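> Take a look at this one; I'll ask things after.
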Amino acid sequence: MTNNEKPKNKVILKEYGKNIQKLVDYIKTVPEDEKRTEYAYALVELMKQLNPLLKTESDQKLWDDMYIMSDFELEVNGPFPMPPKELLGKKPQPIGYPEGEVRFKHYGRNIEKLIEKAIEIEDDDEQETALIYIGQLMRSFHSTWNRENFDDAIILDDIKTLSKGRLHIDLEKVKENGLFETSMRRDFKTNVATPQNTTSNSGGRRNYGGGKRRNNSSNSKKRRN
């Protein structure tokens with residue numbers, strides 16, 4: 001066998017098996033374009049039937065796999081173009097990771113991005129509104145990380161550090177108005193129901209829990225032997 005010759009009945013995509021590979025090889029030999037295309041459509045449906053998991057896949061993937069099994073030699077009028085052969089085996093582009101470390105990991109990088117956007121806001125009122133929102137997020141993150149040792153001053157110091165001193169709001173204003181308070185913070189508190197007074201205004205006793213009332217009437221006396 002020469003280097004240019006292909007192994008007979010070679011299975012290119014093993015997940016489909018030898019029989020599907022044989023059908024692909026046969027369809028390539030069909031001379032009529034219309035028949036070849038008809039058989040290709042039927043084969044795609046057969047691929048779905050033989051492997052139920054493939055029903056969730058897009059049809060384009062199935063057609064691409066059929067083209068790959070044909071070694072990119074199948075000429076049909078399919079719904080999708082044949083993918084370039086050069087893409088097969090091509091390594092994907094590496095995913096870029098953000099440069100630099102996160103200064104405060106319990107806040108995350110998104111807080112840093114929000115602060116960068118807040119710095120760009122020119123209107124003072126809008127910038128303060130954005131700062132309050134960021135402060136609320138930072139407080140919720142900080143309280144999740146460390147609930148015991150907490151103060152709004154810590155949040156303001158961290159904002160000052162992350163913004164390099166370009167964002168500021170008065171600490172007393174934050175505390176007096178509860179600007180960094182959030183519903184998320186309040187959810188950490190457990191409300192204990194206060195038991196109701198079981199005595200009515202008329203002096204009578206209410207029967208809670210379905211218990212029987214004790215009869216203290218003077219008419220009921222124990223019999224003596």
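To be explicit about the labels: the chains of the structure tokens are called A, B, and onward in the order shown, and within each one the residues are counted from 1, while ligands get numbers from 1 in the order they are shown.
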Excluding segment 127-130 of chain A and residues on its chain fewer than 4 positions from it, collect all residues at most 10 Å away from it, counting only C-alpha atoms, and give them as a PyMOL selection string.

chain A and resi 114-115+117-123+134-136+167-169+179

> Quick one: residues within 12 Å of Asp33 of chain A, only C-alpha atoms, excluding same-chain residues fewer than 4 positions away - as a count of residues only?

12

> Extract, using only C-alpha atoms, all DNA, RNA and protein residues at most 10 Å from Leu50 of chain A, discarding same-chain residues fewer than 4 positions from it, and format them as a VMD selection string.

chain A and resid 16 20 45 to 46 54 to 55

> Distance atom CA of Thr144 of chain A-atom CA of Glu112 of chain A, one decimal place?

18.2 Å

> Find the residues near Leu162 of chain A: any atom within 10 Å, counting only C-alpha atoms, skip ones fewer than 6 places away on the same chain, and give them as a tab-separated table (two decimals) with C-alpha atoms, in the first residue's frame.


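Contents of part-v1.tsv, as written:
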chain	number	residue	atom	x	y	z
A	103	ARG	CA	-6.81	43.75	44.65
A	104	PHE	CA	-9.64	42.55	46.91
A	111	ILE	CA	-16.40	45.67	41.31
A	112	GLU	CA	-13.13	47.10	40.01
A	113	LYS	CA	-14.72	47.54	36.58
A	115	ILE	CA	-15.51	51.67	39.96
A	116	GLU	CA	-13.63	52.43	36.74
A	156	LEU	CA	-15.23	53.65	51.92

> Please compute the atom CA of Leu53 of chain A-atom CA of Asp65 of chain A distance, one decimal, in Å.

14.7 Å

> Which residues are close to Asp25 of chain A, i.e. within 12 Å by only C-alpha atoms, leaving aside same-chain residues fewer than 4 positions away? Reply as number ranges by chain.

A: 8-12, 18-21, 29-30, 36, 39-40, 43, 66-75

> Next, the residues of the selection above should be written as a JSON list (two decimals), in the first residue's frame with N, CA and C atoms.


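So the final result, stored in result.json, reads:
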[["chain", "number", "residue", "atom", "x", "y", "z"],
["A", 8, "LYS", "N", -8.74, 0.62, 3.46],
["A", 8, "LYS", "CA", -10.10, 0.25, 3.09],
["A", 8, "LYS", "C", -10.97, 0.19, 4.33],
["A", 9, "ASN", "N", -12.21, 0.76, 4.22],
["A", 9, "ASN", "CA", -13.17, 0.77, 5.33],
["A", 9, "ASN", "C", -12.61, 1.43, 6.59],
["A", 10, "LYS", "N", -11.82, 2.44, 6.40],
["A", 10, "LYS", "CA", -11.31, 3.18, 7.55],
["A", 10, "LYS", "C", -12.43, 3.99, 8.19],
["A", 11, "VAL", "N", -12.57, 3.85, 9.52],
["A", 11, "VAL", "CA", -13.59, 4.60, 10.25],
["A", 11, "VAL", "C", -12.97, 5.91, 10.73],
["A", 12, "ILE", "N", -13.43, 7.02, 10.15],
["A", 12, "ILE", "CA", -12.83, 8.32, 10.46],
["A", 12, "ILE", "C", -13.34, 8.85, 11.80],
["A", 18, "LYS", "N", -18.70, 1.64, 12.05],
["A", 18, "LYS", "CA", -18.27, 1.19, 10.72],
["A", 18, "LYS", "C", -19.39, 1.27, 9.69],
["A", 19, "ASN", "N", -20.63, 0.96, 10.09],
["A", 19, "ASN", "CA", -21.72, 0.92, 9.11],
["A", 19, "ASN", "C", -22.05, 2.31, 8.55],
["A", 20, "ILE", "N", -22.05, 3.31, 9.41],
["A", 20, "ILE", "CA", -22.29, 4.68, 8.92],
["A", 20, "ILE", "C", -21.17, 5.10, 7.99],
["A", 21, "GLN", "N", -19.94, 4.72, 8.32],
["A", 21, "GLN", "CA", -18.80, 5.06, 7.47],
["A", 21, "GLN", "C", -18.96, 4.41, 6.09],
["A", 29, "THR", "N", -20.08, 7.48, -4.12],
["A", 29, "THR", "CA", -19.96, 6.82, -5.44],
["A", 29, "THR", "C", -21.21, 6.96, -6.29],
["A", 30, "VAL", "N", -22.31, 7.46, -5.71],
["A", 30, "VAL", "CA", -23.55, 7.61, -6.48],
["A", 30, "VAL", "C", -23.35, 8.70, -7.53],
["A", 36, "ARG", "N", -27.69, 11.44, -4.85],
["A", 36, "ARG", "CA", -26.64, 11.56, -3.84],
["A", 36, "ARG", "C", -27.08, 12.48, -2.71],
["A", 39, "TYR", "N", -29.82, 10.71, -0.62],
["A", 39, "TYR", "CA", -29.25, 9.73, 0.29],
["A", 39, "TYR", "C", -28.55, 10.41, 1.48],
["A", 40, "ALA", "N", -27.93, 11.55, 1.22],
["A", 40, "ALA", "CA", -27.24, 12.27, 2.29],
["A", 40, "ALA", "C", -28.22, 12.76, 3.35],
["A", 43, "LEU", "N", -29.29, 9.82, 5.35],
["A", 43, "LEU", "CA", -28.24, 9.36, 6.26],
["A", 43, "LEU", "C", -28.18, 10.21, 7.52],
["A", 66, "MET", "N", -20.62, 14.31, 8.59],
["A", 66, "MET", "CA", -20.73, 13.49, 7.38],
["A", 66, "MET", "C", -19.69, 13.92, 6.35],
["A", 67, "TYR", "N", -19.47, 15.23, 6.22],
["A", 67, "TYR", "CA", -18.44, 15.71, 5.30],
["A", 67, "TYR", "C", -17.06, 15.23, 5.75],
["A", 68, "ILE", "N", -16.83, 15.24, 7.06],
["A", 68, "ILE", "CA", -15.53, 14.79, 7.58],
["A", 68, "ILE", "C", -15.34, 13.31, 7.29],
["A", 69, "MET", "N", -16.41, 12.49, 7.49],
["A", 69, "MET", "CA", -16.31, 11.06, 7.21],
["A", 69, "MET", "C", -16.10, 10.78, 5.72],
["A", 70, "SER", "N", -16.52, 11.71, 4.88],
["A", 70, "SER", "CA", -16.30, 11.54, 3.44],
["A", 70, "SER", "C", -14.91, 12.04, 3.02],
["A", 71, "ASP", "N", -14.13, 12.44, 4.01],
["A", 71, "ASP", "CA", -12.80, 13.02, 3.75],
["A", 71, "ASP", "C", -12.92, 14.26, 2.86],
["A", 72, "PHE", "N", -14.04, 14.99, 3.06],
["A", 72, "PHE", "CA", -14.32, 16.24, 2.35],
["A", 72, "PHE", "C", -14.45, 16.03, 0.83],
["A", 73, "GLU", "N", -14.97, 14.86, 0.47],
["A", 73, "GLU", "CA", -15.13, 14.54, -0.95],
["A", 73, "GLU", "C", -16.60, 14.36, -1.35],
["A", 74, "LEU", "N", -17.51, 14.58, -0.42],
["A", 74, "LEU", "CA", -18.94, 14.38, -0.70],
["A", 74, "LEU", "C", -19.52, 15.66, -1.32],
["A", 75, "GLU", "N", -19.99, 15.55, -2.54],
["A", 75, "GLU", "CA", -20.57, 16.69, -3.25],
["A", 75, "GLU", "C", -22.09, 16.54, -3.27]]

> For each of A:Lys175, A:Gly165, A:Ser140, A:Asn51, take the minimum atom-to-atom distance to Ala153 of chain A, counting only C-alpha atoms, then give the residue where this is smallest.

A:Lys175
